[in-house]
Amino acid sequence: MMTLKTFRDAAKFHPKDGVRTVADLEMTSYITQSLIELSGMENMRTARLAVKWIIEQRSQMFFDSPQAAAASLQALAAFSRRTHSSKSKSTVSVTIGDSKPYYLHVDPTNRLLQQTFRVKDVKFPTRARFEVTEGCVTLKTALHYASISKNPHPAFVLNTTATERPSSKPGSTFTVTTCVAMNPTFPPVDLASLIVDMPSGYVPVSASVRELRHSHQIKGLKIMNNDAVEVRLEDITQKTKCFSFRIVRETVVEEPKWAIVNVIDYFSLSRRAETTYTLQ
């Protein structure tokens with residue numbers, strides 16, 4: 001659970017164990033609404049930080065609890081009503097390298113909509129420049145690339161399997177088990193990051209991921225937009241370490257492809273390994 005020092009510290013929640021819960025989301029939402037009702041510059045400044053925190057959690061916990069989701073939406077709506085100006089308009093210019101700028105226009109008719117555009121044929125290294133005429137907007141960039149390079153000498157021995165769990169709906173839930181150890185030709189690793197991607201149409205069960213925090217060998221956990229689970233393991237040696245969590249089917253996908261699992265030495269990115277798994 002989170003610790004709350006004072007009422008005004010609502011936006012400074014930090015989970016003790018590194019895992020956020022729906023209770024944290026719900027509590028922050030209620031306190032944010034109270035800060036907005038109290039008004040005042042200092043309270044609104046704190047509410048703005050709390051709203052930012054709520055937005056960061058929405059992809060992970062919004063659908064875990066209807067009550068927490070409702071409280072979060074109420075807090076976001078209250079903040080929007082309090083800070084909204086019907087006359088506000090913003091123009092965002094994005095310049096990549098020496099190319100001509102891209103322009104995005106934000107006004108009251110589309111301010112809650114996400115606008116996206118794709119930049120092609122970018123030569124690296126390069127620079128991206130963002131300019132906003134006035135007002136406040138949220139910008140997010142993503143880099144997607146393909147690489148044909150391979151790792152001929154993996155530093156880790158990595159294996160992942162997915163075993164179907166008993167269910168009234170066949171194929172709806174699986175247990176994903178990942179085991180990792182050092183390749184005998186490499187020295188031990190103090191800290192490694194494992195990223196387990198989800199098969200198409202499946203999402204991790206948050207409760208089962210949180211259960212992993214009780215393991216002394218796990219340093220940190222993170223559910224990444226319901227598309228992957230990151231697990232940080234300490235002291236990787238030639239002795240195999242394993243962990244498991246559950247996944248459930250959210251959308252039916254015909255002939256789902258295999259999912260990728262990566263492990264990387266946290267302090268030396270050249271030491272890595274990759275494997276794939278399919279649903280059995």
# chains A, B, ... in the order shown; residues from 1 in each chain; ligands from 1
>>> select_by_dssp(residues="segment 20-231 of chain A", states="strand (DSSP E or B)", output="PyMOL selection string")
chain A and resi 90-96+102-106+128-132+156-164+173-182+189-197+202-204+218-224+228-231
>>> select_by_dssp(residues="segment 109-249 of chain A", states="helix (DSSP H, G or I)", output="JSON, numbers by chain")
{"A": [206, 207, 208, 209, 210, 211, 212, 213, 214]}
>>> residues_around(residues="Asp98 of chain A", least_positions_apart="5", cutoff="10 Å", atoms="only C-alpha atoms", output="list in words")
Thr126, Arg127 and Ala128 of chain A
>>> closest_residue(among="A:Val180, A:Val209, A:Met224, A:Leu76", to="Arg272 of chain A", atoms="only C-alpha atoms")
A:Val180
>>> closest_residue(among="A:Asn159, A:Ser39, A:Thr237, A:Ser29", to="Arg82 of chain A", atoms="only C-alpha atoms")
A:Ser39
>>> atom_distance(atom1="atom CA of Ser65 of chain A", atom2="atom CA of Thr141 of chain A")
28.9 Å
